[in-house]
file start33.cif (mmCIF, C-alpha atoms)
data_my_file
loop_
_atom_site.label_atom_id
_atom_site.label_comp_id
_atom_site.auth_asym_id
_atom_site.auth_seq_id
_atom_site.Cartn_x
_atom_site.Cartn_y
_atom_site.Cartn_z
CA MET H 1 -23.19 -11.45 1.18
CA THR H 2 -25.14 -14.71 1.01
CA VAL H 3 -24.49 -17.56 -1.43
CA ALA H 4 -27.65 -16.63 -3.32
CA GLN H 5 -26.44 -13.04 -3.66
CA ALA H 6 -23.04 -14.20 -4.82
CA ARG H 7 -24.69 -16.17 -7.61
CA THR H 8 -26.27 -12.99 -8.95
CA LEU H 9 -22.93 -11.18 -9.03
CA ALA H 10 -22.58 -11.20 -12.81
CA THR H 11 -26.17 -10.12 -13.34
CA ARG H 12 -25.75 -7.16 -10.99
CA THR H 13 -22.35 -6.03 -12.26
CA ARG H 14 -22.43 -6.45 -16.04
CA ALA H 15 -24.16 -3.09 -16.51
CA ASP H 16 -21.12 -1.47 -14.87
CA PHE H 17 -18.81 -2.55 -17.73
CA PRO H 18 -19.59 -0.64 -20.95
CA ILE H 19 -17.16 -2.65 -23.08
CA LEU H 20 -19.08 -5.89 -22.51
CA HIS H 21 -22.15 -4.55 -24.30
CA GLN H 22 -20.96 -4.83 -27.88
CA GLN H 23 -20.94 -7.27 -30.74
CA VAL H 24 -17.84 -8.87 -32.22
CA ASN H 25 -18.21 -10.40 -35.67
CA GLY H 26 -21.94 -9.90 -35.35
CA LYS H 27 -22.20 -11.85 -32.10
CA PRO H 28 -22.48 -10.63 -28.49
CA LEU H 29 -19.03 -10.35 -26.97
CA VAL H 30 -18.00 -13.13 -24.59
CA TYR H 31 -14.80 -11.91 -22.94
CA PHE H 32 -12.79 -14.85 -21.58
CA ASP H 33 -9.31 -13.29 -21.53
CA ASN H 34 -9.36 -11.93 -17.99
CA ALA H 35 -6.09 -13.53 -16.90
CA ALA H 36 -4.38 -11.28 -19.45
CA THR H 37 -6.33 -8.17 -18.49
CA SER H 38 -9.69 -7.42 -16.91
CA GLN H 39 -12.30 -4.97 -18.09
CA LYS H 40 -12.93 -1.66 -16.31
CA PRO H 41 -16.16 -0.59 -14.62
CA THR H 42 -17.67 2.85 -15.15
CA ALA H 43 -16.53 3.93 -11.68
CA VAL H 44 -12.90 3.42 -12.69
CA LEU H 45 -13.35 5.17 -16.03
CA GLU H 46 -15.01 8.08 -14.27
CA ALA H 47 -12.14 8.33 -11.79
CA LEU H 48 -9.70 8.76 -14.69
CA ARG H 49 -11.90 11.34 -16.36
CA HIS H 50 -12.56 13.27 -13.15
CA TYR H 51 -8.85 13.62 -12.41
CA TYR H 52 -8.06 14.99 -15.86
CA GLU H 53 -11.10 17.25 -15.96
CA HIS H 54 -10.93 18.64 -12.41
CA ASP H 55 -7.67 17.88 -10.56
CA ASN H 56 -4.93 17.51 -13.17
CA ALA H 57 -1.74 18.64 -11.43
CA ASN H 58 1.47 17.09 -10.19
CA VAL H 59 1.37 15.60 -6.74
CA HIS H 60 3.30 16.40 -3.53
CA ARG H 61 5.27 19.41 -4.72
CA GLY H 62 2.46 21.94 -5.16
CA ILE H 63 0.46 23.81 -2.54
CA HIS H 64 -2.25 25.11 -4.87
CA ALA H 65 -5.73 23.63 -4.75
CA LEU H 66 -5.43 21.29 -7.75
CA SER H 67 -2.16 19.81 -6.55
CA ALA H 68 -3.55 19.35 -3.05
CA ARG H 69 -6.63 17.54 -4.37
CA ALA H 70 -4.54 15.36 -6.69
CA THR H 71 -2.18 14.47 -3.85
CA ASP H 72 -5.05 13.60 -1.52
CA ALA H 73 -6.59 11.30 -4.13
CA TYR H 74 -3.25 9.73 -5.08
CA GLU H 75 -2.21 9.03 -1.49
CA GLY H 76 -5.75 8.07 -0.58
CA ALA H 77 -5.54 5.26 -3.13
CA ARG H 78 -2.42 3.99 -1.36
CA ASP H 79 -4.38 3.85 1.89
CA LYS H 80 -7.09 1.84 0.12
CA LEU H 81 -4.53 -0.65 -1.19
CA ALA H 82 -2.98 -1.04 2.25
CA THR H 83 -6.39 -1.87 3.69
CA PHE H 84 -7.27 -4.13 0.77
CA VAL H 85 -4.32 -6.47 1.40
CA ASN H 86 -4.16 -5.73 5.15
CA ALA H 87 -0.67 -4.22 5.18
CA ALA H 88 0.56 -3.13 8.59
CA SER H 89 1.33 0.35 7.26
CA ARG H 90 0.61 2.46 4.19
CA ASN H 91 4.40 2.84 3.91
CA GLU H 92 4.54 -0.83 2.88
CA ILE H 93 2.70 -0.10 -0.40
CA VAL H 94 4.90 1.09 -3.28
CA TYR H 95 3.37 2.11 -6.59
CA THR H 96 4.96 0.54 -9.67
CA ARG H 97 4.07 0.43 -13.35
CA ASN H 98 3.08 -3.22 -13.07
CA ALA H 99 3.96 -6.41 -11.24
CA SER H 100 6.98 -6.97 -13.50
CA GLU H 101 8.50 -3.70 -12.32
CA ALA H 102 7.65 -4.59 -8.73
CA ILE H 103 9.58 -7.88 -9.00
CA ASN H 104 12.49 -6.09 -10.68
CA LEU H 105 12.47 -3.56 -7.84
CA VAL H 106 13.01 -6.31 -5.29
CA ALA H 107 15.56 -8.05 -7.52
CA TYR H 108 17.67 -4.96 -8.16
CA THR H 109 17.52 -3.62 -4.60
CA TRP H 110 17.33 -6.41 -2.06
CA GLY H 111 18.52 -9.14 -4.44
CA MET H 112 21.62 -7.43 -5.81
CA ALA H 113 22.58 -6.00 -2.43
CA THR H 114 22.01 -9.13 -0.36
CA LEU H 115 22.63 -12.29 -2.35
CA GLN H 116 26.09 -13.73 -2.76
CA ALA H 117 27.77 -16.56 -4.66
CA GLY H 118 26.37 -19.90 -3.56
CA ASP H 119 23.15 -18.50 -2.14
CA GLU H 120 20.09 -20.29 -3.47
CA ILE H 121 16.89 -18.90 -4.99
CA ILE H 122 13.95 -21.27 -5.26
CA LEU H 123 11.43 -20.66 -8.05
CA SER H 124 8.91 -23.00 -9.65
CA VAL H 125 8.72 -24.26 -13.21
CA MET H 126 5.25 -22.71 -13.55
CA GLU H 127 6.42 -19.12 -13.04
CA HIS H 128 5.52 -16.28 -15.37
CA HIS H 129 8.55 -14.95 -17.23
CA SER H 130 8.36 -11.84 -15.03
CA ASN H 131 9.22 -14.00 -12.02
CA LEU H 132 11.99 -15.83 -13.84
CA VAL H 133 14.03 -13.36 -15.87
CA PRO H 134 14.81 -10.86 -13.05
CA TRP H 135 16.15 -13.67 -10.89
CA GLN H 136 18.23 -14.94 -13.80
CA PHE H 137 19.78 -11.46 -13.91
CA VAL H 138 20.45 -11.59 -10.17
CA ALA H 139 21.99 -15.06 -10.39
CA GLN H 140 24.24 -14.06 -13.27
CA ARG H 141 25.55 -11.00 -11.42
CA THR H 142 25.83 -12.36 -7.88
CA GLY H 143 26.66 -16.02 -8.41
CA ALA H 144 23.47 -17.11 -6.67
CA VAL H 145 22.04 -20.46 -7.76
CA LEU H 146 18.53 -20.97 -9.15
CA LYS H 147 16.59 -24.06 -8.14
CA PHE H 148 13.14 -25.06 -9.34
CA VAL H 149 10.12 -26.75 -7.83
CA GLU H 150 8.71 -29.23 -10.33
CA LEU H 151 5.15 -30.28 -11.04
CA GLY H 152 3.50 -32.94 -8.94
CA PRO H 153 1.51 -35.85 -10.38
CA ASP H 154 -1.57 -33.62 -10.70
CA GLN H 155 0.43 -30.89 -12.49
CA GLY H 156 0.34 -28.72 -9.39
CA PHE H 157 3.06 -27.41 -7.09
CA ASP H 158 5.12 -30.35 -5.77
CA LEU H 159 5.25 -29.48 -2.09
CA GLU H 160 7.31 -32.52 -1.11
CA GLN H 161 9.98 -31.76 -3.69
CA TYR H 162 9.96 -28.15 -2.48
CA ARG H 163 10.71 -29.37 1.03
CA SER H 164 13.71 -31.26 -0.33
CA LEU H 165 15.12 -28.12 -1.98
CA LEU H 166 15.07 -26.00 1.17
CA ASN H 167 18.29 -25.73 3.16
CA ASP H 168 20.42 -23.17 4.98
CA LYS H 169 21.67 -21.80 1.64
CA THR H 170 18.12 -20.87 0.59
CA LYS H 171 17.82 -17.09 0.78
CA LEU H 172 14.73 -16.45 -1.36
CA VAL H 173 11.62 -18.29 -2.50
CA ALA H 174 9.73 -16.49 -5.30
CA VAL H 175 6.54 -18.22 -6.45
CA ASN H 176 3.15 -17.42 -7.89
CA HIS H 177 0.06 -17.71 -5.72
CA VAL H 178 -2.06 -18.85 -8.67
CA SER H 179 -0.62 -20.16 -11.93
CA ASN H 180 -1.78 -18.17 -14.94
CA THR H 181 -1.44 -21.33 -17.06
CA LEU H 182 -2.25 -24.30 -14.83
CA GLY H 183 -4.87 -22.46 -12.79
CA CYS H 184 -3.74 -24.14 -9.56
CA VAL H 185 -3.93 -22.25 -6.28
CA ASN H 186 -0.60 -23.00 -4.66
CA PRO H 187 -0.25 -23.78 -0.92
CA VAL H 188 1.43 -20.45 -0.23
CA ALA H 189 0.82 -20.40 3.52
CA GLU H 190 2.82 -23.61 3.91
CA ILE H 191 5.38 -22.51 1.30
CA ILE H 192 6.03 -19.33 3.28
CA GLU H 193 6.18 -21.05 6.67
CA LEU H 194 8.67 -23.62 5.43
CA ALA H 195 10.86 -20.97 3.81
CA HIS H 196 10.92 -18.85 6.95
CA HIS H 197 11.89 -21.91 8.98
CA HIS H 198 15.10 -21.96 6.94
CA GLY H 199 15.61 -18.21 7.22
CA ALA H 200 14.62 -17.46 3.63
CA LYS H 201 12.53 -14.53 2.40
CA VAL H 202 9.44 -15.06 0.24
CA LEU H 203 8.13 -13.02 -2.69
CA LEU H 204 4.61 -13.84 -3.78
CA ASP H 205 3.43 -13.14 -7.34
CA ALA H 206 -0.23 -12.46 -6.63
CA CYS H 207 -1.31 -11.16 -10.04
CA GLN H 208 -3.85 -13.96 -10.42
CA SER H 209 -5.00 -14.03 -6.80
CA VAL H 210 -5.42 -10.42 -5.63
CA PRO H 211 -8.25 -9.78 -8.16
CA HIS H 212 -10.10 -12.99 -7.29
CA MET H 213 -9.89 -13.77 -3.57
CA PRO H 214 -9.30 -12.10 -0.21
CA ILE H 215 -5.60 -11.50 0.47
CA ASP H 216 -4.15 -10.78 3.90
CA VAL H 217 -0.40 -10.19 3.73
CA GLN H 218 -0.02 -10.21 7.50
CA ALA H 219 -1.77 -13.56 7.84
CA LEU H 220 0.27 -15.00 4.97
CA ASN H 221 3.43 -13.44 6.43
CA CYS H 222 4.99 -13.05 2.98
CA ASP H 223 7.93 -10.65 2.77
CA TRP H 224 6.89 -9.13 -0.54
CA LEU H 225 3.78 -9.37 -2.70
CA VAL H 226 3.25 -7.97 -6.19
CA ALA H 227 0.13 -7.35 -8.27
CA SER H 228 -0.93 -5.53 -11.43
CA GLY H 229 -3.80 -3.07 -11.51
CA HIS H 230 -4.99 -3.97 -14.98
CA LYS H 231 -5.95 -7.47 -13.85
CA MET H 232 -8.13 -6.10 -11.03
CA CYS H 233 -10.42 -3.67 -12.91
CA ALA H 234 -7.89 -0.80 -12.90
CA PRO H 235 -6.03 0.78 -15.85
CA THR H 236 -2.79 -0.46 -17.36
CA GLY H 237 0.42 1.23 -16.28
CA ILE H 238 -0.12 0.85 -12.54
CA GLY H 239 0.66 -1.92 -10.10
CA PHE H 240 2.02 -2.21 -6.61
CA LEU H 241 4.58 -3.83 -4.39
CA TYR H 242 3.83 -4.75 -0.81
CA GLY H 243 6.95 -5.18 1.28
CA LYS H 244 7.56 -5.51 4.98
CA GLN H 245 8.63 -2.11 6.21
CA ALA H 246 11.97 -3.24 7.65
CA LEU H 247 12.97 -4.82 4.33
CA LEU H 248 11.98 -1.74 2.34
CA GLU H 249 13.83 0.55 4.74
CA ALA H 250 17.02 -1.51 4.49
CA ALA H 251 16.99 -1.78 0.68
CA PRO H 252 18.70 0.86 -1.49
CA PRO H 253 16.63 2.91 -3.96
CA PHE H 254 15.66 1.35 -7.27
CA LEU H 255 15.64 4.42 -9.54
CA GLY H 256 17.09 7.89 -9.05
CA GLY H 257 15.46 11.22 -9.79
CA GLY H 258 12.88 13.59 -8.46
CA GLU H 259 10.46 12.63 -5.71
CA MET H 260 12.63 9.87 -4.22
CA ILE H 261 15.10 12.30 -2.62
CA ALA H 262 15.30 14.26 0.62
CA ASP H 263 18.26 16.52 -0.23
CA VAL H 264 20.40 16.65 -3.36
CA PHE H 265 23.96 17.96 -3.48
CA LEU H 266 26.33 17.95 -6.43
CA ASP H 267 28.21 14.93 -5.19
CA HIS H 268 25.61 12.98 -3.20
CA SER H 269 21.98 12.78 -2.20
CA THR H 270 19.87 11.65 0.71
CA TYR H 271 16.65 9.76 0.14
CA ALA H 272 13.01 10.25 1.00
CA GLU H 273 11.19 8.17 3.57
CA LEU H 274 9.07 5.19 2.57
CA PRO H 275 7.33 4.64 0.30
CA HIS H 276 8.59 7.55 -1.80
CA LYS H 277 12.20 6.29 -1.77
CA PHE H 278 11.14 3.83 -4.47
CA GLU H 279 8.92 6.16 -6.54
CA ALA H 280 11.22 8.28 -8.69
CA GLY H 281 9.78 10.91 -11.01
CA THR H 282 6.26 11.98 -11.78
CA PRO H 283 4.08 8.95 -11.06
CA ALA H 284 1.08 7.53 -12.90
CA ILE H 285 -1.24 9.78 -10.94
CA ALA H 286 -4.52 9.19 -12.72
CA GLU H 287 -3.87 5.47 -12.93
CA ALA H 288 -3.14 5.23 -9.21
CA ILE H 289 -6.32 7.14 -8.37
CA ALA H 290 -8.27 4.83 -10.68
CA LEU H 291 -6.66 1.82 -8.99
CA GLY H 292 -8.08 3.19 -5.75
CA ALA H 293 -11.49 3.36 -7.42
CA ALA H 294 -11.09 -0.26 -8.55
CA VAL H 295 -10.27 -1.29 -4.97
CA ASP H 296 -13.42 0.50 -3.80
CA TYR H 297 -15.46 -1.33 -6.43
CA LEU H 298 -14.07 -4.76 -5.55
CA SER H 299 -14.39 -4.10 -1.83
CA ASP H 300 -18.02 -3.09 -2.23
CA LEU H 301 -18.73 -6.37 -4.04
CA GLY H 302 -16.79 -8.31 -1.42
CA MET H 303 -13.81 -10.50 -2.24
CA ASP H 304 -15.41 -13.47 -0.47
CA ALA H 305 -18.45 -13.12 -2.72
CA ILE H 306 -16.26 -12.86 -5.82
CA ALA H 307 -14.32 -15.97 -4.83
CA SER H 308 -17.51 -17.91 -4.06
CA TYR H 309 -19.12 -17.08 -7.38
CA GLU H 310 -15.95 -17.82 -9.33
CA HIS H 311 -15.77 -21.24 -7.68
CA GLU H 312 -19.13 -22.02 -9.28
CA LEU H 313 -17.91 -20.77 -12.65
CA THR H 314 -14.73 -22.84 -12.27
CA ALA H 315 -16.61 -26.07 -11.59
CA TYR H 316 -18.98 -25.46 -14.49
CA LEU H 317 -16.21 -24.52 -16.94
CA TYR H 318 -14.04 -27.48 -16.03
CA GLN H 319 -16.95 -29.94 -16.17
CA SER H 320 -18.10 -28.60 -19.53
CA LEU H 321 -14.67 -28.91 -21.12
CA SER H 322 -14.01 -32.32 -19.55
CA GLN H 323 -16.93 -33.74 -21.50
CA LEU H 324 -15.21 -33.05 -24.84
CA PRO H 325 -12.98 -36.04 -25.71
CA GLN H 326 -10.80 -33.99 -28.08
CA VAL H 327 -9.89 -31.50 -25.35
CA LYS H 328 -6.89 -31.96 -23.06
CA LEU H 329 -6.95 -29.83 -19.92
CA TYR H 330 -3.84 -28.80 -17.98
CA GLY H 331 -3.42 -28.33 -14.25
CA PRO H 332 -5.13 -29.96 -11.28
CA PRO H 333 -8.91 -30.38 -11.39
CA PRO H 334 -10.98 -28.24 -9.01
CA ALA H 335 -12.63 -29.61 -5.91
CA ALA H 336 -16.30 -30.49 -6.20
CA ASP H 337 -17.27 -26.96 -5.16
CA GLY H 338 -14.86 -25.40 -7.67
CA SER H 339 -12.29 -24.34 -5.07
CA GLY H 340 -8.57 -25.00 -5.33
CA ARG H 341 -8.39 -23.73 -8.87
CA ALA H 342 -8.74 -20.37 -10.58
CA ALA H 343 -11.62 -19.67 -12.95
CA LEU H 344 -9.49 -20.42 -15.98
CA ALA H 345 -8.89 -23.40 -18.21
CA THR H 346 -5.81 -23.97 -20.33
CA PHE H 347 -6.23 -26.67 -22.93
CA THR H 348 -5.29 -28.09 -26.28
CA VAL H 349 -7.45 -29.74 -28.92
CA GLU H 350 -6.25 -32.79 -30.79
CA ASN H 351 -4.87 -31.95 -34.26
CA LEU H 352 -5.74 -28.26 -33.90
CA HIS H 353 -3.27 -25.45 -33.24
CA ALA H 354 -4.24 -23.13 -30.40
CA GLN H 355 -3.89 -20.03 -32.59
CA ASP H 356 -6.25 -21.45 -35.22
CA LEU H 357 -8.66 -22.42 -32.47
CA SER H 358 -8.64 -18.93 -30.97
CA THR H 359 -9.09 -17.32 -34.37
CA PHE H 360 -12.12 -19.45 -35.25
CA ILE H 361 -13.74 -19.03 -31.84
CA ASP H 362 -13.37 -15.27 -32.21
CA GLN H 363 -15.75 -15.52 -35.17
CA SER H 364 -18.42 -16.42 -32.62
CA GLY H 365 -17.62 -13.33 -30.57
CA VAL H 366 -15.68 -15.29 -27.93
CA ALA H 367 -12.33 -13.84 -26.84
CA ILE H 368 -9.81 -16.38 -25.50
CA ARG H 369 -6.01 -16.34 -25.51
CA SER H 370 -3.59 -18.61 -27.32
CA GLY H 371 0.17 -18.96 -27.03
CA HIS H 372 2.57 -19.80 -24.22
CA HIS H 373 1.08 -17.24 -21.77
CA CYS H 374 4.57 -16.08 -20.76
CA THR H 375 5.35 -19.55 -19.41
CA GLN H 376 7.61 -21.02 -22.09
CA PRO H 377 9.59 -23.30 -19.72
CA LEU H 378 6.34 -24.74 -18.38
CA HIS H 379 5.05 -25.38 -21.89
CA ARG H 380 8.23 -27.28 -22.74
CA ILE H 381 7.65 -29.46 -19.69
CA LEU H 382 4.04 -30.02 -20.77
CA GLY H 383 5.30 -30.98 -24.22
CA VAL H 384 3.37 -28.33 -26.15
CA SER H 385 4.47 -25.07 -27.74
CA SER H 386 1.11 -23.35 -27.46
CA THR H 387 -2.16 -23.73 -25.57
CA ALA H 388 -5.54 -22.05 -25.55
CA ARG H 389 -6.78 -20.38 -22.37
CA ALA H 390 -10.26 -19.30 -21.31
CA SER H 391 -10.12 -17.15 -18.17
CA LEU H 392 -13.17 -15.75 -16.37
CA TYR H 393 -14.04 -12.99 -13.93
CA PHE H 394 -17.04 -12.17 -11.74
CA TYR H 395 -18.92 -10.47 -14.59
CA ASN H 396 -18.96 -13.67 -16.64
CA THR H 397 -21.84 -16.16 -16.60
CA GLN H 398 -22.59 -19.84 -17.06
CA ALA H 399 -24.54 -18.90 -20.18
CA GLU H 400 -21.35 -17.42 -21.62
CA ILE H 401 -19.54 -20.67 -20.83
CA ASP H 402 -22.24 -22.48 -22.82
CA THR H 403 -21.66 -20.09 -25.74
CA PHE H 404 -17.91 -20.68 -25.56
CA VAL H 405 -18.26 -24.47 -25.42
CA ALA H 406 -20.71 -24.44 -28.33
CA ALA H 407 -18.24 -22.39 -30.40
CA LEU H 408 -15.48 -24.78 -29.41
CA LYS H 409 -17.56 -27.78 -30.47
CA ASP H 410 -18.37 -26.15 -33.80
CA THR H 411 -14.69 -25.44 -34.41
CA ILE H 412 -13.67 -28.99 -33.55
CA GLU H 413 -16.37 -30.36 -35.84
CA PHE H 414 -15.38 -28.02 -38.67
CA PHE H 415 -11.73 -29.00 -38.58
CA GLY H 416 -12.64 -32.64 -38.02
CA ASN H 417 -14.62 -32.63 -41.27
CA ILE H 418 -11.65 -31.09 -43.09
CA PHE H 419 -9.28 -33.75 -41.74
CA ASP H 420 -11.75 -36.50 -42.67
CA GLU H 421 -11.78 -35.26 -46.23
#

call {"tool": "encode", "arguments": {"input": "start33.cif", "output": "structure tokens"}}
result
Amino acid sequence: MTVAQARTLATRTRADFPILHQQVNGKPLVYFDNAATSQKPTAVLEALRHYYEHDNANVHRGIHALSARATDAYEGARDKLATFVNAASRNEIVYTRNASEAINLVAYTWGMATLQAGDEIILSVMEHHSNLVPWQFVAQRTGAVLKFVELGPDQGFDLEQYRSLLNDKTKLVAVNHVSNTLGCVNPVAEIIELAHHHGAKVLLDACQSVPHMPIDVQALNCDWLVASGHKMCAPTGIGFLYGKQALLEAAPPFLGGGEMIADVFLDHSTYAELPHKFEAGTPAIAEAIALGAAVDYLSDLGMDAIASYEHELTAYLYQSLSQLPQVKLYGPPPAADGSGRAALATFTVENLHAQDLSTFIDQSGVAIRSGHHCTQPLHRILGVSSTARASLYFYNTQAEIDTFVAALKDTIEFFGNIFDE
């Protein structure tokens, strides 16, 4: 896809998203909360409906026609995911409810079984709670020690300080690829290489990268990668874990029950082969099939094209907000072409609480998020309890950014007049 074609991405795709064509508070909806969850194209909605209308049956255990069709679609979606992130084998893709469950899976299997007292886990201060709390559990139960990479001068990942934390006691590095609050794209290739040099494993939280840029797990050489379907045009309730096959084979099961077994006796059981060893019980069949449809949709658009267009949106959003003196932006600025940063902006406005800001902007039909964005420790470091966040996707436009900035200016002016009085 050419640069010119990439620039028309939003124009060509908006018709595919029924939810975008509505009014909120009498104004056309501008949906800028994509880092929390993305919207779903018709193709994904139709995949859900088709399963329930035509193929609704449990997978794997039935030989009748409906079960066979459901199984083919369910396992076919796994194949699509493996191709999408370039896994070496479909057995390296494990379905989970979400990325949080995927991280917990690694924590409770590999982490609890492998880590010992004195072993070190390196995280960063910008991690989502889902990549903090499970490792706190592991540390409490095993005696492992948590260490944290701090922010650099530009409020990005401090690579030099990270180097200083690595040593022979480091057993795991678990970091996000893209910060959901700071928007920075972290240098994960170098992070992974340095960790492996010290014999440590690396888990990559890719919730904010898999939907927005090409991901190649073999090229990155990460040991595990997690992502959530609902941030990549798929339904809620489905996500996935990529793990190197040898690591997944060596790890014990996460949950017990049907589907994850080979043979069950009264006093013991044997377990199924990968990936089913980690997928106990009836899975989210329709959601997994719809995730496959979302992967088809994104692949047809082209992840390079999505990334290219979002770079333009990033540059325009950041420049527009930087011109407002009352606005304080967090995280490193993008490069001139918009690269190096996600298409999101987290900010505060002088003398205006983020929740009030979000509420007033909603009156203009603009949906943004306010709060700590599941990064409370980071917010304490930044010295604020709450921030506002505008996060974009490929179906958003520069015109919508203009609408958002105009609503923001009106809100600032309104509250400024109140304070002046």

call {"tool": "resolve_selection", "arguments": {"input": "start33.cif", "expression": "the PyMOL selection byres ((chain H and resi 388-399) around 8)", "output": "CSV table (one decimal) with C-alpha atoms, in the frame of the given file"}}
result
chain,number,residue,atom,x,y,z
H,9,LEU,CA,-22.9,-11.2,-9.0
H,10,ALA,CA,-22.6,-11.2,-12.8
H,11,THR,CA,-26.2,-10.1,-13.3
H,13,THR,CA,-22.4,-6.0,-12.3
H,14,ARG,CA,-22.4,-6.4,-16.0
H,31,TYR,CA,-14.8,-11.9,-22.9
H,32,PHE,CA,-12.8,-14.8,-21.6
H,33,ASP,CA,-9.3,-13.3,-21.5
H,34,ASN,CA,-9.4,-11.9,-18.0
H,35,ALA,CA,-6.1,-13.5,-16.9
H,38,SER,CA,-9.7,-7.4,-16.9
H,181,THR,CA,-1.4,-21.3,-17.1
H,212,HIS,CA,-10.1,-13.0,-7.3
H,306,ILE,CA,-16.3,-12.9,-5.8
H,309,TYR,CA,-19.1,-17.1,-7.4
H,310,GLU,CA,-16.0,-17.8,-9.3
H,313,LEU,CA,-17.9,-20.8,-12.6
H,316,TYR,CA,-19.0,-25.5,-14.5
H,317,LEU,CA,-16.2,-24.5,-16.9
H,343,ALA,CA,-11.6,-19.7,-13.0
H,344,LEU,CA,-9.5,-20.4,-16.0
H,345,ALA,CA,-8.9,-23.4,-18.2
H,346,THR,CA,-5.8,-24.0,-20.3
H,347,PHE,CA,-6.2,-26.7,-22.9
H,348,THR,CA,-5.3,-28.1,-26.3
H,354,ALA,CA,-4.2,-23.1,-30.4
H,355,GLN,CA,-3.9,-20.0,-32.6
H,357,LEU,CA,-8.7,-22.4,-32.5
H,358,SER,CA,-8.6,-18.9,-31.0
H,368,ILE,CA,-9.8,-16.4,-25.5
H,369,ARG,CA,-6.0,-16.3,-25.5
H,370,SER,CA,-3.6,-18.6,-27.3
H,371,GLY,CA,0.2,-19.0,-27.0
H,386,SER,CA,1.1,-23.4,-27.5
H,387,THR,CA,-2.2,-23.7,-25.6
H,400,GLU,CA,-21.4,-17.4,-21.6
H,401,ILE,CA,-19.5,-20.7,-20.8
H,402,ASP,CA,-22.2,-22.5,-22.8
H,403,THR,CA,-21.7,-20.1,-25.7

call {"tool": "atom_distance", "arguments": {"input": "start33.cif", "atom1": "atom CA of Asp410 of chain H", "atom2": "atom CA of Gln363 of chain H"}}
result
11.0 Å

call {"tool": "atom_distance", "arguments": {"input": "start33.cif", "atom1": "atom CA of Tyr74 of chain H", "atom2": "atom CA of Ser299 of chain H"}}
result
18.1 Å

call {"tool": "residues_around", "arguments": {"input": "start33.cif", "residues": "Ser67 of chain H", "least_positions_apart": "5", "cutoff": "8 Å", "atoms": "all atoms listed in the file", "output": "count of residues only"}}
result
8

call {"tool": "resolve_selection", "arguments": {"input": "start33.cif", "expression": "the PyMOL selection byres ((chain H and resi 291) around 8)", "output": "JSON list (two decimals) with C-alpha atoms, in the frame of the given file"}}
result
[["chain", "number", "residue", "atom", "x", "y", "z"],
["H", 44, "VAL", "CA", -12.90, 3.42, -12.69],
["H", 77, "ALA", "CA", -5.54, 5.26, -3.13],
["H", 229, "GLY", "CA", -3.80, -3.07, -11.51],
["H", 233, "CYS", "CA", -10.42, -3.67, -12.91],
["H", 234, "ALA", "CA", -7.89, -0.80, -12.90],
["H", 235, "PRO", "CA", -6.03, 0.78, -15.85],
["H", 238, "ILE", "CA", -0.12, 0.85, -12.54],
["H", 287, "GLU", "CA", -3.87, 5.47, -12.93],
["H", 288, "ALA", "CA", -3.14, 5.23, -9.21],
["H", 289, "ILE", "CA", -6.32, 7.14, -8.37],
["H", 290, "ALA", "CA", -8.27, 4.83, -10.68],
["H", 292, "GLY", "CA", -8.08, 3.19, -5.75],
["H", 293, "ALA", "CA", -11.49, 3.36, -7.42],
["H", 294, "ALA", "CA", -11.09, -0.26, -8.55],
["H", 295, "VAL", "CA", -10.27, -1.29, -4.97]]

call {"tool": "closest_residue", "arguments": {"input": "start33.cif", "among": "H:Ala43, H:Leu132, H:Leu29, H:Val138", "to": "Cys374 of chain H", "atoms": "all atoms listed in the file"}}
result
H:Leu132

call {"tool": "residues_around", "arguments": {"input": "start33.cif", "residues": "Leu241 of chain H", "least_positions_apart": "3", "cutoff": "7 Å", "atoms": "only C-alpha atoms", "output": "ChimeraX atom specification"}}
result
/H:93-96,102,224-227

call {"tool": "closest_residue", "arguments": {"input": "start33.cif", "among": "H:Gln245, H:Ser320, H:Gln218, H:Asn186", "to": "Glu127 of chain H", "atoms": "only C-alpha atoms"}}
result
H:Asn186

call {"tool": "resolve_selection", "arguments": {"input": "start33.cif", "expression": "the PyMOL selection byres ((chain H and resi 170) around 12)", "output": "ChimeraX atom specification"}}
result
/H:115-123,144-148,162-169,171-174,194-202

call {"tool": "write_last_selection", "arguments": {"input": "start33.cif", "atoms": "C-alpha atoms", "output": "short mmCIF file (atom, residue, chain, number, x, y, z; two decimals), keeping the file's coordinate frame"}}
result
data_model
loop_
_atom_site.label_atom_id
_atom_site.label_comp_id
_atom_site.auth_asym_id
_atom_site.auth_seq_id
_atom_site.Cartn_x
_atom_site.Cartn_y
_atom_site.Cartn_z
CA LEU H 115 22.63 -12.29 -2.35
CA GLN H 116 26.09 -13.73 -2.76
CA ALA H 117 27.77 -16.56 -4.66
CA GLY H 118 26.37 -19.90 -3.56
CA ASP H 119 23.15 -18.50 -2.14
CA GLU H 120 20.09 -20.29 -3.47
CA ILE H 121 16.89 -18.90 -4.99
CA ILE H 122 13.95 -21.27 -5.26
CA LEU H 123 11.43 -20.66 -8.05
CA ALA H 144 23.47 -17.11 -6.67
CA VAL H 145 22.04 -20.46 -7.76
CA LEU H 146 18.53 -20.97 -9.15
CA LYS H 147 16.59 -24.06 -8.14
CA PHE H 148 13.14 -25.06 -9.34
CA TYR H 162 9.96 -28.15 -2.48
CA ARG H 163 10.71 -29.37 1.03
CA SER H 164 13.71 -31.26 -0.33
CA LEU H 165 15.12 -28.12 -1.98
CA LEU H 166 15.07 -26.00 1.17
CA ASN H 167 18.29 -25.73 3.16
CA ASP H 168 20.42 -23.17 4.98
CA LYS H 169 21.67 -21.80 1.64
CA LYS H 171 17.82 -17.09 0.78
CA LEU H 172 14.73 -16.45 -1.36
CA VAL H 173 11.62 -18.29 -2.50
CA ALA H 174 9.73 -16.49 -5.30
CA LEU H 194 8.67 -23.62 5.43
CA ALA H 195 10.86 -20.97 3.81
CA HIS H 196 10.92 -18.85 6.95
CA HIS H 197 11.89 -21.91 8.98
CA HIS H 198 15.10 -21.96 6.94
CA GLY H 199 15.61 -18.21 7.22
CA ALA H 200 14.62 -17.46 3.63
CA LYS H 201 12.53 -14.53 2.40
CA VAL H 202 9.44 -15.06 0.24
#
